[in-house]
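S.K.: Before we start, here is the structure in question, set down as structure tokens.
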Amino acid sequence: MIRIGIDVGGTNTDAVIVEGDRVLAGVKSPTTQDVMGGVVGALTAVLETSGIEAGAIDVVMIGTTHFTNAVVQRRDLAPTAAIRLGLPATASLPPMIDWPDDLKRTLGGHVYLAHGGNEFDGRPISPLDEAELLGIAEEIRTKGVRSVAIASVFSPVSADVERRAGEIVGNALPGVHVTLSHEIGRLGLLERENAAIMNACLRDLSSDVIAAFRNAIAQAGITAPFYLTQNDGTLMDAATAERFPVLTFASGPTNSMRGAAFLSGVSEAIVIDIGGTTADVGSLQKGFPRQAPMAVEVGGVRTNFRMPDVFSIGLGGGSLVVDMDDAVAVGPSSVGYRLTREALIFGGDTLTASDIAVAAGKAELGDASKVAHLSPDLIARARRKMMEMLEDCVDRARVTPDPLPVIVVGGGSILVDEPIGGLEIVKPEHFAVANAVGAAIAQISGEVDSVYSLAETSREKALEDATGKAKDAAVAAGAQRDSIEIVDVEDVPLAYLPGNATRIRVKAVGELNVG
Amino acid sequence: MSGEKGFLLTEGDLPALSIGAALLGTGGGGNPYVGMLRTRELLRKGAQVRIIPLDALPDDAWVGRVGSIGAPIIGIEKISEGGECHRAMLAVEEASGIRMAALIAAEIGGANAMVPVITAAMAGLPVIDGDGMGRAFPEIQMTTFSIYGEASLLSALADDKGNVVVFRKVTSALMLERLMRTATVAMGAGAGAAGAPLSMEFIRRTAIPGTVTQAIEIGATVLQARAKRQDVVEKVVEKTGGGLFFTGKLVDVRRELTGGFMRGHALLSGMGDWAGSEARIAIQNENLVLWVDGEPKVMVPDLIMNLEQETGEPITTEMLRFGQRVSVIGLPAHSLMKTPRALEVVGPKAFGYPEILFTPLADAAA
């Protein structure tokens with residue numbers, strides 16, 4: 001199977017062609033304003049470099065930061081109505097209660113509370129009131145709002161009420177996008193509802209962006225299907241991505257970590273992805289990034305997505321190096337994508353981390369003669385400073401005392417050439433395009449997050465049930481059943497609930513079933 | 001009547017109160033985030049809540065107690081209707097024929113620190129600067145009010161649908177705990193509870209004093225240290241007069257359900273000054289006992305607070321996760337929690353560790 005992986009970043013669009021487990025070619029080209037142009041450019045370049053015919057491509061996988069950036073920059077967001085089912089419960093905190101004002105204003109602040117919802121054990125809180133929902137739908141229609149998010153209390157445990165409300169609203173408002181919270185988030189009403197609202201407000205944009213990707217692929221002569229990568233490093237098909245754009249959040253760091261695992265063949269490691277401005281650091285377990293345990297903020301809004309537990313430090317290839325009396329500072333300021341104009345080695349007049357790497361003879365980039373004048377003492381101190389920064393973050397990311405390797409990827413990898421904190425470093429081939437490789441090798445997943453009563457069933461039976469459902473979910477998403485593995489099982493007994501209630505979360509992952 | 005004593009709670013106090021309460025929750029008590037938002041909404045709508053010291057009211061004034069009861073997961077998924085605790089309090093007033101002059105928290109640790117503030121905002125009452133635990137414990141009979149023999153067990157529960165249950169003649173705090181738990185489950189595993197009126201004279205003798213202020217101060221210390229990029233853990237230790245008992249990485253967490261409670265332990269592998277050492281923390285909703293290299297170092301009712309080393313963020317027992325870097329701070333409990341009478345209820349033996357003799361932490365602040 002021949003796959004193309006693309007990573008559409010803020011600065012560069014990277015593309016790779018992978019056949020089986022061999023990377024045939026990798027290119028970097030600039031991201032363009034219209035998205036499509038950059039993707040066409042990257043596709044054309046990578047096909048050319050590899051000499052592979054467009055018709056031979058089986059599948060295209062795309063990782064994009066487009067949707068995260070839209071929320072962060074409050075750009076292209078559609079007015080959205082939030083309907084919550086749970087009255088009389090939950091009235092004390094209506095939807096969007098803790099959102100930043102500017103974002104709430106952008107979305108129009110259309111929030112509604114309605115009856116419905118479930119108790120923890122599936123009992124209804126109150127019956128769903130069809131007339132009430134039709135009244136709300138009518139108001140939404142009058143306001144001209146075309147995106148709706150619906151969240152029902154305990155919908156991850158029993159989703160029927162949320163689905164039924166979705167039908168009622170969907171039928172009353174033909175052509176309006178409806179997002180149901182249980183399809184996106186986990187237990188934790190406010191966070192799950194927030195995720196659903198964010199998804200709804202991105203639906204118009206997602207139609208445009210997916211169409212742009214589709215056109216770009218067609219224009220490059222490729223007829224294969226395409227997929228987008230999610231924040232957990234797995235794929236969704238284009239139609240699903242269009243419906244759930246929010247699931248692409250933070251897919252960038254995930255792709256780079258998955259790519260690092262693939263390129264190096266190491267599945268338990270610490271990964272440092274060094275770009276122009278920052279280094280993202282995280283830890284790989286079984287080839288997947290460790291997930292963040294707590295609520296994660298996106299654009300100032302609390303959500304509970306499956307996000308990789310990654311942190312950033314201000315060290316990249318473009319980081320400014322400033323020599324002070326007794327210390328040398330590296331970053332967090334950076335020339336970023338202007339590196340190729342402003343760094344000394346490219347004829348500029350700013351001393352950057354890349355200049356130090358070249359001056360130390362550790363990297364071949366630009367014109368080394370332009371940094372020949374730097375004092376050996378400054379070079380040594382700047383290099384020591386960078387190593388200290390990396391050692392510190394590696395130590396923070398370590399989750400076991402075992403001597404795991406450190407995989408270094410990204411364009412800024414030239415800054416590193418020796419063990420960090422006593423840990424062996426691995427700098428795999430194609431390190432600069434690890435993001436795109438991560439997208440190309442992404443798999444398909446299915447997840448279940450539910451509460452079981454262990455008074456009525458045994459723990460083994462409950463786990464078996466959850467595992468079966470997670471596998472079915474993966475197959476439904478397009479995985480080959482015989483390739484599915486269970487990669488994550490978490491069971492947390494819930495204090496104070498009767499019947500030994502236990503929350504069980506299972507994630508299944510398998511290879512993409514193409515054709 | 002309460003005059004100008006105490007202080008008006010401001011929106012700016014809430015983030016600090018929330019973090020401080022979570023730390024005093026010693027791993028349990030639930031997340032104050034939702035309660036913080038609810039309080040913020042009430043204050044923004046013009047409600048005023050005065051926090052008053054123990055000497056602000058006369059002996060014959062009556063004080064009510066309110067708190068949420070139920071599983072933490074319910075609190076984050078089925079958010080309150082809003083008036084649950086207020087309705088429970090009104091039911092107690094009606095049944096007892098007594099009007100409350102103020103409210104007090106049963107426990108300052110965790111989500112229940114915010115509940116009296118919310119109810120006070122709705123009822124137009126002040127909140128006493130103190131509570132019945134100085135931390136979080138899992139059951140009703142573990143408050144100082146119960147330990148030192150509150151006169152009546154008259155209590156009420158209210159749910160989000162308008163159901164109100166009054167418990168009039170209950171024979172023991174343990175029985176009340178059982179009855180309330182059962183009713184709470186029927187109500188959807190989350191409800192608002194109100195206890196019997198307590199006289200101000202009794203409150204002055206039995207409440208742990210100053211704990212609302214203490215929670216705000218601890219939280220403010222965390223936030224300031226974070227903003228100034230200082231060592232958060234060091235600043236908290238300084239502020240509280242507690243001790244840093246261990247710093248390490250979480251290498252294992254085991255949990256199991258026994259008798260409706262989550263019990264288990266966390267294992268930490270030492271770092272820094274504790275490199276080469278191992279710590280174990282017994283947990284049952286809250287952190288119960290800390291052993292370092294097999295030696296019990298801190299135990300209930302003294303407080304064992306787990307902080308995320310870098311940010312000072314409180315780590316609850318439900319959030320414990322492999323690889324976390326944890327600083328364990330021990331804080332002496334108030335003397336009211338350490339009398340022989342109190343230790344029978346909240347000492348190591350009461351939590352299933354009969355082999356551990358309670359050895360109090362030296363009160364560095366004293």
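By order in the structure tokens, chains are A, B, ...; within a chain, residues start at 1; ligands start at 1, following the order shown.
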Distance cut-off 8 Å, counting only C-alpha atoms - which residues of chain B neighbour chain A? Return them as a PyMOL selection string.
M.R.: chain B and resi 37-38+70-74+76-82+160-161+185+188-189+249+251+255-257+260-262+285+319+321-324
S.K.: List the spatial neighbours of A:Glu268 as a PyMOL selection string - criterion: any atom at most 9 Å away, only C-alpha atoms, same-chain residues fewer than 5 positions off excluded.
M.R.: chain A and resi 261+283-288+404-405
S.K.: Could you take the residues named above and write them with C-alpha atoms, as a CSV table (one decimal), in the first residue's frame?
M.R.:
chain,number,residue,atom,x,y,z
A,261,ALA,CA,8.2,6.1,16.9
A,283,SER,CA,6.5,10.7,26.2
A,284,LEU,CA,5.7,7.7,24.0
A,285,GLN,CA,4.1,4.6,25.4
A,286,LYS,CA,3.5,1.6,23.1
A,287,GLY,CA,4.1,4.0,20.2
A,288,PHE,CA,1.4,6.4,21.2
A,404,LEU,CA,14.6,5.3,27.7
A,405,PRO,CA,16.1,6.7,24.5
S.K.: Can you list, as a PyMOL selection string, all residues belonging to stretch 48-236 of chain A that DSSP tags as strand (DSSP E or B)?
M.R.: chain A and resi 59-64+80-87+110-115+118+124+147-152+177-180+226-229+234-236
S.K.: Please, which residues of stretch 183-257 of chain B, numbered as in this document, come out helix (DSSP H, G or I) from DSSP, as an mmCIF file with N, CA and C atoms, in the first residue's frame?
M.R.:
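Output file selection_25.cif follows:
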data_model
loop_
_atom_site.group_PDB
_atom_site.id
_atom_site.type_symbol
_atom_site.label_atom_id
_atom_site.label_comp_id
_atom_site.auth_asym_id
_atom_site.auth_seq_id
_atom_site.Cartn_x
_atom_site.Cartn_y
_atom_site.Cartn_z
ATOM 1 N N ALA B 183 -30.933 7.739 50.601
ATOM 2 C CA ALA B 183 -31.834 8.700 49.975
ATOM 3 C C ALA B 183 -31.140 9.418 48.818
ATOM 4 N N THR B 184 -29.861 9.715 49.012
ATOM 5 C CA THR B 184 -29.109 10.407 47.970
ATOM 6 C C THR B 184 -29.057 9.586 46.686
ATOM 7 N N VAL B 185 -28.849 8.283 46.828
ATOM 8 C CA VAL B 185 -28.813 7.419 45.646
ATOM 9 C C VAL B 185 -30.145 7.486 44.909
ATOM 10 N N ALA B 186 -31.257 7.430 45.680
ATOM 11 C CA ALA B 186 -32.575 7.517 45.052
ATOM 12 C C ALA B 186 -32.731 8.850 44.320
ATOM 13 N N MET B 200 -24.236 29.166 68.348
ATOM 14 C CA MET B 200 -22.944 29.833 68.166
ATOM 15 C C MET B 200 -22.004 29.479 69.320
ATOM 16 N N GLU B 201 -22.576 29.262 70.484
ATOM 17 C CA GLU B 201 -21.762 28.885 71.646
ATOM 18 C C GLU B 201 -21.048 27.558 71.358
ATOM 19 N N PHE B 202 -21.807 26.602 70.780
ATOM 20 C CA PHE B 202 -21.244 25.290 70.445
ATOM 21 C C PHE B 202 -20.208 25.411 69.317
ATOM 22 N N ILE B 203 -20.562 26.207 68.313
ATOM 23 C CA ILE B 203 -19.651 26.415 67.182
ATOM 24 C C ILE B 203 -18.315 26.977 67.665
ATOM 25 N N ARG B 204 -18.392 27.964 68.584
ATOM 26 C CA ARG B 204 -17.137 28.579 69.064
ATOM 27 C C ARG B 204 -16.238 27.555 69.737
ATOM 28 N N ARG B 205 -16.849 26.573 70.414
ATOM 29 C CA ARG B 205 -16.044 25.565 71.117
ATOM 30 C C ARG B 205 -15.522 24.481 70.159
ATOM 31 N N THR B 206 -16.281 24.225 69.089
ATOM 32 C CA THR B 206 -15.957 23.013 68.324
ATOM 33 C C THR B 206 -15.470 23.234 66.887
ATOM 34 N N THR B 211 -10.625 28.688 58.800
ATOM 35 C CA THR B 211 -10.208 27.844 57.672
ATOM 36 C C THR B 211 -10.599 28.410 56.298
ATOM 37 N N VAL B 212 -11.619 29.295 56.254
ATOM 38 C CA VAL B 212 -11.927 29.913 54.962
ATOM 39 C C VAL B 212 -10.771 30.841 54.578
ATOM 40 N N THR B 213 -10.350 31.652 55.564
ATOM 41 C CA THR B 213 -9.193 32.534 55.336
ATOM 42 C C THR B 213 -7.953 31.709 54.992
ATOM 43 N N GLN B 214 -7.766 30.614 55.731
ATOM 44 C CA GLN B 214 -6.593 29.769 55.484
ATOM 45 C C GLN B 214 -6.598 29.244 54.043
ATOM 46 N N ALA B 215 -7.757 28.789 53.582
ATOM 47 C CA ALA B 215 -7.840 28.260 52.213
ATOM 48 C C ALA B 215 -7.514 29.358 51.198
ATOM 49 N N ILE B 216 -8.066 30.544 51.406
ATOM 50 C CA ILE B 216 -7.785 31.655 50.481
ATOM 51 C C ILE B 216 -6.297 31.988 50.487
ATOM 52 N N GLU B 217 -5.704 32.001 51.691
ATOM 53 C CA GLU B 217 -4.278 32.344 51.778
ATOM 54 C C GLU B 217 -3.382 31.305 51.112
ATOM 55 N N ILE B 218 -3.701 30.036 51.330
ATOM 56 C CA ILE B 218 -2.884 28.982 50.696
ATOM 57 C C ILE B 218 -3.014 29.090 49.172
ATOM 58 N N GLY B 219 -4.251 29.264 48.710
ATOM 59 C CA GLY B 219 -4.481 29.370 47.263
ATOM 60 C C GLY B 219 -3.772 30.580 46.678
ATOM 61 N N ALA B 220 -3.837 31.700 47.393
ATOM 62 C CA ALA B 220 -3.180 32.918 46.913
ATOM 63 C C ALA B 220 -1.669 32.715 46.863
ATOM 64 N N THR B 221 -1.132 31.983 47.830
ATOM 65 C CA THR B 221 0.307 31.680 47.847
ATOM 66 C C THR B 221 0.695 30.900 46.593
ATOM 67 N N VAL B 222 -0.116 29.905 46.255
ATOM 68 C CA VAL B 222 0.158 29.102 45.059
ATOM 69 C C VAL B 222 0.132 29.993 43.811
ATOM 70 N N LEU B 223 -0.927 30.798 43.697
ATOM 71 C CA LEU B 223 -1.088 31.627 42.497
ATOM 72 C C LEU B 223 0.028 32.659 42.370
ATOM 73 N N GLN B 224 0.379 33.286 43.508
ATOM 74 C CA GLN B 224 1.454 34.287 43.464
ATOM 75 C C GLN B 224 2.797 33.653 43.110
ATOM 76 N N ALA B 225 3.089 32.538 43.746
ATOM 77 C CA ALA B 225 4.378 31.880 43.485
ATOM 78 C C ALA B 225 4.467 31.471 42.018
ATOM 79 N N ARG B 226 3.355 30.984 41.490
ATOM 80 C CA ARG B 226 3.321 30.597 40.088
ATOM 81 C C ARG B 226 3.588 31.811 39.195
ATOM 82 N N ALA B 227 2.897 32.925 39.501
ATOM 83 C CA ALA B 227 3.032 34.136 38.686
ATOM 84 C C ALA B 227 4.458 34.667 38.742
ATOM 85 N N VAL B 232 6.804 26.910 44.092
ATOM 86 C CA VAL B 232 5.456 26.918 44.670
ATOM 87 C C VAL B 232 5.394 26.085 45.946
ATOM 88 N N VAL B 233 6.005 24.900 45.891
ATOM 89 C CA VAL B 233 5.943 23.998 47.035
ATOM 90 C C VAL B 233 6.602 24.632 48.259
ATOM 91 N N GLU B 234 7.758 25.232 48.032
ATOM 92 C CA GLU B 234 8.472 25.886 49.129
ATOM 93 C C GLU B 234 7.606 26.989 49.757
ATOM 94 N N LYS B 235 6.949 27.772 48.893
ATOM 95 C CA LYS B 235 6.123 28.874 49.393
ATOM 96 C C LYS B 235 4.920 28.354 50.187
ATOM 97 N N VAL B 236 4.339 27.255 49.724
ATOM 98 C CA VAL B 236 3.188 26.691 50.453
ATOM 99 C C VAL B 236 3.643 26.179 51.818
ATOM 100 N N VAL B 237 4.787 25.527 51.849
ATOM 101 C CA VAL B 237 5.317 25.028 53.120
ATOM 102 C C VAL B 237 5.548 26.197 54.073
ATOM 103 N N GLU B 238 6.157 27.264 53.544
ATOM 104 C CA GLU B 238 6.413 28.469 54.342
ATOM 105 C C GLU B 238 5.112 29.032 54.915
ATOM 106 N N LYS B 239 4.118 29.155 54.021
ATOM 107 C CA LYS B 239 2.861 29.802 54.395
ATOM 108 C C LYS B 239 2.087 28.992 55.425
ATOM 109 N N THR B 240 2.063 27.671 55.231
ATOM 110 C CA THR B 240 1.208 26.841 56.083
ATOM 111 C C THR B 240 1.888 26.422 57.369
#
S.K.: Give me the residues within 12 Å of A:Gly265 as a CSV table (one decimal) with N, CA, C and O atoms, in the first residue's frame, counting only C-alpha atoms and dropping any in the same chain fewer than 6 places off.
M.R.:
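Saved as out-v7.csv:
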chain,number,residue,atom,x,y,z
A,21,ASP,N,6.7,-0.1,5.1
A,21,ASP,CA,7.3,0.7,6.2
A,21,ASP,C,8.5,1.5,5.7
A,21,ASP,O,9.4,1.8,6.4
A,22,ARG,N,8.5,1.8,4.4
A,22,ARG,CA,9.6,2.5,3.8
A,22,ARG,C,9.2,3.9,3.4
A,22,ARG,O,8.1,4.1,2.8
A,257,MET,N,5.0,12.7,17.2
A,257,MET,CA,5.4,11.7,18.1
A,257,MET,C,5.2,10.3,17.5
A,257,MET,O,6.1,9.4,17.6
A,258,ARG,N,4.1,10.1,16.8
A,258,ARG,CA,3.9,8.8,16.2
A,258,ARG,C,4.9,8.6,15.0
A,258,ARG,O,5.4,7.5,14.8
A,259,GLY,N,5.2,9.7,14.3
A,259,GLY,CA,6.2,9.6,13.3
A,259,GLY,C,7.6,9.3,13.8
A,259,GLY,O,8.3,8.5,13.2
A,284,LEU,N,6.3,8.7,24.8
A,284,LEU,CA,5.7,7.7,24.0
A,284,LEU,C,5.5,6.4,24.8
A,284,LEU,O,6.4,5.9,25.5
A,286,LYS,N,4.0,2.5,24.2
A,286,LYS,CA,3.5,1.6,23.1
A,286,LYS,C,3.3,2.4,21.8
A,286,LYS,O,2.3,2.1,21.1
A,287,GLY,N,4.2,3.3,21.5
A,287,GLY,CA,4.1,4.0,20.2
A,287,GLY,C,3.1,5.1,20.1
A,287,GLY,O,3.0,5.8,19.1
A,405,PRO,N,15.4,5.8,25.4
A,405,PRO,CA,16.1,6.7,24.5
A,405,PRO,C,15.2,8.0,24.2
A,405,PRO,O,14.1,8.0,24.5
A,407,ILE,N,14.1,10.4,21.2
A,407,ILE,CA,14.0,10.5,19.8
A,407,ILE,C,13.9,12.0,19.5
A,407,ILE,O,13.0,12.7,20.0
A,426,VAL,N,18.2,9.3,19.5
A,426,VAL,CA,18.0,8.7,18.2
A,426,VAL,C,17.5,9.8,17.3
A,426,VAL,O,16.5,10.4,17.6
A,427,LYS,N,18.3,10.0,16.2
A,427,LYS,CA,17.8,10.9,15.3
A,427,LYS,C,17.5,10.2,14.0
A,427,LYS,O,18.4,9.9,13.2
A,428,PRO,N,16.3,9.8,13.8
A,428,PRO,CA,16.0,8.9,12.6
A,428,PRO,C,16.1,9.6,11.3
A,428,PRO,O,16.1,10.9,11.2
A,429,GLU,N,16.3,8.8,10.2
A,429,GLU,CA,16.2,9.4,8.9
A,429,GLU,C,14.9,10.1,8.7
A,429,GLU,O,13.9,9.7,9.2
S.K.: Identify, on the basis of only C-alpha atoms, every residue whose closest approach to A:Arg203 does not exceed 9 Å; exclude the query and any residue fewer than 4 positions from it along the same chain; express the result as an MDAnalysis selection string.
M.R.: chainID A and resid 77:78 147 177 198:199 207:208 242:245
S.K.: Which residue gives the smallest distance to A:Gly10 among A:Ala151, A:Val35, A:Ile444, A:Ile210, with only C-alpha atoms counted?
M.R.: A:Val35
S.K.: Tell me which of A:Ile52, A:Ile504, A:Ile83, A:Val59 sits closest to A:Ala440, counting only C-alpha atoms.
M.R.: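 Between A:Ile52, A:Ile504, A:Ile83, A:Val59, the residue approaching A:Ala440 most closely is A:Val59.
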S.K.: For stretch 289-299 of chain B, list every protein, DNA or RNA residue within 9 Å, evaluated using only C-alpha atoms, and leave out those in the same chain fewer than 4 positions away; present the list as a list of chain:residue names.
M.R.: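 Once the adjacent positions are removed, what remains is B:Phe245, B:Phe246, B:Ser277, B:Glu278, B:Ala279, B:Arg280, B:Ile281, B:Ala282, B:Ile283, B:Leu303, B:Ile304, B:Val328, B:Gly330, B:Leu331, B:Pro332, B:Gly347, B:Pro348, B:Tyr353, B:Ile356, B:Phe358, B:Thr359, B:Pro360, B:Leu361.
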S.K.: Neighbours of A:Val409 within 10 Å (only C-alpha atoms; same-chain residues fewer than 4 positions away dropped), as a PDB file with N, CA and C atoms, in the first residue's frame?
M.R.:
ATOM      1  N   SER A 256       3.760  14.103  15.172  1.00  0.00           N
ATOM      2  CA  SER A 256       5.221  14.100  15.199  1.00  0.00           C
ATOM      3  C   SER A 256       5.727  12.990  16.117  1.00  0.00           C
ATOM      4  N   MET A 257       4.997  12.738  17.209  1.00  0.00           N
ATOM      5  CA  MET A 257       5.438  11.674  18.120  1.00  0.00           C
ATOM      6  C   MET A 257       5.223  10.290  17.514  1.00  0.00           C
ATOM      7  N   GLY A 259       5.185   9.705  14.321  1.00  0.00           N
ATOM      8  CA  GLY A 259       6.190   9.627  13.256  1.00  0.00           C
ATOM      9  C   GLY A 259       7.559   9.276  13.818  1.00  0.00           C
ATOM     10  N   ALA A 260       7.869   9.869  14.956  1.00  0.00           N
ATOM     11  CA  ALA A 260       9.155   9.584  15.596  1.00  0.00           C
ATOM     12  C   ALA A 260       9.255   8.109  15.963  1.00  0.00           C
ATOM     13  N   LEU A 263       9.659   6.098  12.588  1.00  0.00           N
ATOM     14  CA  LEU A 263      10.957   6.270  11.913  1.00  0.00           C
ATOM     15  C   LEU A 263      12.089   5.613  12.688  1.00  0.00           C
ATOM     16  N   SER A 264      12.006   5.633  14.003  1.00  0.00           N
ATOM     17  CA  SER A 264      13.105   5.108  14.816  1.00  0.00           C
ATOM     18  C   SER A 264      12.894   3.638  15.163  1.00  0.00           C
ATOM     19  N   VAL A 271      10.123  11.944  23.245  1.00  0.00           N
ATOM     20  CA  VAL A 271      10.266  12.542  21.919  1.00  0.00           C
ATOM     21  C   VAL A 271      10.420  14.051  22.065  1.00  0.00           C
ATOM     22  N   ILE A 272      11.407  14.594  21.362  1.00  0.00           N
ATOM     23  CA  ILE A 272      11.528  16.045  21.279  1.00  0.00           C
ATOM     24  C   ILE A 272      11.355  16.435  19.821  1.00  0.00           C
ATOM     25  N   ASP A 273      10.361  17.255  19.564  1.00  0.00           N
ATOM     26  CA  ASP A 273      10.121  17.748  18.207  1.00  0.00           C
ATOM     27  C   ASP A 273      10.555  19.206  18.188  1.00  0.00           C
ATOM     28  N   ILE A 274      11.684  19.468  17.551  1.00  0.00           N
ATOM     29  CA  ILE A 274      12.219  20.833  17.566  1.00  0.00           C
ATOM     30  C   ILE A 274      11.866  21.549  16.277  1.00  0.00           C
ATOM     31  N   GLY A 275      11.128  22.634  16.404  1.00  0.00           N
ATOM     32  CA  GLY A 275      10.763  23.421  15.235  1.00  0.00           C
ATOM     33  C   GLY A 275      11.579  24.695  15.190  1.00  0.00           C
ATOM     34  N   ALA A 279      10.297  23.702  21.117  1.00  0.00           N
ATOM     35  CA  ALA A 279      10.484  22.259  21.117  1.00  0.00           C
ATOM     36  C   ALA A 279       9.315  21.671  21.895  1.00  0.00           C
ATOM     37  N   ASP A 280       8.599  20.727  21.283  1.00  0.00           N
ATOM     38  CA  ASP A 280       7.515  20.032  21.968  1.00  0.00           C
ATOM     39  C   ASP A 280       8.054  18.723  22.504  1.00  0.00           C
ATOM     40  N   SER A 413      16.212  19.687  14.634  1.00  0.00           N
ATOM     41  CA  SER A 413      16.985  18.578  15.224  1.00  0.00           C
ATOM     42  C   SER A 413      18.488  18.777  15.117  1.00  0.00           C
ATOM     43  N   ILE A 414      18.905  19.661  14.211  1.00  0.00           N
ATOM     44  CA  ILE A 414      20.344  19.911  14.055  1.00  0.00           C
ATOM     45  C   ILE A 414      20.962  20.478  15.334  1.00  0.00           C
ATOM     46  N   VAL A 416      20.862  19.197  18.170  1.00  0.00           N
ATOM     47  CA  VAL A 416      21.183  18.125  19.114  1.00  0.00           C
ATOM     48  C   VAL A 416      22.092  17.093  18.458  1.00  0.00           C
ATOM     49  N   VAL A 426      18.244   9.324  19.534  1.00  0.00           N
ATOM     50  CA  VAL A 426      18.013   8.675  18.249  1.00  0.00           C
ATOM     51  C   VAL A 426      17.523   9.756  17.306  1.00  0.00           C
ATOM     52  N   LYS A 427      18.259   9.954  16.233  1.00  0.00           N
ATOM     53  CA  LYS A 427      17.813  10.943  15.256  1.00  0.00           C
ATOM     54  C   LYS A 427      17.542  10.184  13.960  1.00  0.00           C
ATOM     55  N   PRO A 428      16.292   9.795  13.755  1.00  0.00           N
ATOM     56  CA  PRO A 428      16.010   8.914  12.617  1.00  0.00           C
ATOM     57  C   PRO A 428      16.117   9.638  11.282  1.00  0.00           C
ATOM     58  N   GLU A 429      16.256   8.842  10.221  1.00  0.00           N
ATOM     59  CA  GLU A 429      16.233   9.374   8.874  1.00  0.00           C
ATOM     60  C   GLU A 429      14.889  10.075   8.657  1.00  0.00           C
ATOM     61  N   HIS A 430      14.837  11.074   7.819  1.00  0.00           N
ATOM     62  CA  HIS A 430      13.611  11.835   7.541  1.00  0.00           C
ATOM     63  C   HIS A 430      13.066  12.559   8.767  1.00  0.00           C
ATOM     64  N   PHE A 431      13.945  12.842   9.745  1.00  0.00           N
ATOM     65  CA  PHE A 431      13.477  13.461  10.990  1.00  0.00           C
ATOM     66  C   PHE A 431      12.736  14.779  10.763  1.00  0.00           C
ATOM     67  N   ALA A 432      13.111  15.490   9.696  1.00  0.00           N
ATOM     68  CA  ALA A 432      12.529  16.819   9.488  1.00  0.00           C
ATOM     69  C   ALA A 432      11.050  16.762   9.108  1.00  0.00           C
ATOM     70  N   VAL A 433      10.611  15.605   8.589  1.00  0.00           N
ATOM     71  CA  VAL A 433       9.208  15.499   8.170  1.00  0.00           C
ATOM     72  C   VAL A 433       8.461  14.442   8.990  1.00  0.00           C
ATOM     73  N   ALA A 434       8.862  14.284  10.241  1.00  0.00           N
ATOM     74  CA  ALA A 434       8.244  13.271  11.106  1.00  0.00           C
ATOM     75  C   ALA A 434       6.736  13.478  11.226  1.00  0.00           C
ATOM     76  N   ASN A 435       6.303  14.743  11.256  1.00  0.00           N
ATOM     77  CA  ASN A 435       4.870  15.056  11.320  1.00  0.00           C
ATOM     78  C   ASN A 435       4.099  14.367  10.216  1.00  0.00           C
TER      79      ASN A 435
END
S.K.: Compare B:Ile128, B:Ala333, B:Val34, B:Val164 by their minimum atom-to-atom distance to B:Met187, counting only C-alpha atoms, and give me the closest one.
M.R.: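 Of B:Ile128, B:Ala333, B:Val34, B:Val164, the one nearest B:Met187 is B:Val164, counting only C-alpha atoms.
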S.K.: Name the residues in contact with stretch 42-56 of chain B at a cut-off of 8 Å, using only C-alpha atoms, excluding same-chain residues fewer than 5 positions from it; report them as a PyMOL selection string.
M.R.: chain B and resi 1-3+5-11+117-118+120-122+124-130+203-204+209-210+212
S.K.: What is the distance, in Å and to one decimal place, between atom CA of A:Leu423 and atom CA of A:Leu390?
M.R.: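 Atom CA of A:Leu390 lies at a distance of 11.3 Å from atom CA of A:Leu423.
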S.K.: Counting only C-alpha atoms, figure out which residue out of B:Leu157, B:Val66, B:Ala22, B:Val92 gets nearest to B:Thr182.
M.R.: B:Leu157
S.K.: Go ahead and compute the interatomic distance for atom CA of A:Gly109 and atom CA of A:Val145, in Å to one decimal.
M.R.: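 Atom-to-atom, atom CA of A:Gly109 to atom CA of A:Val145, that is 10.9 Å.
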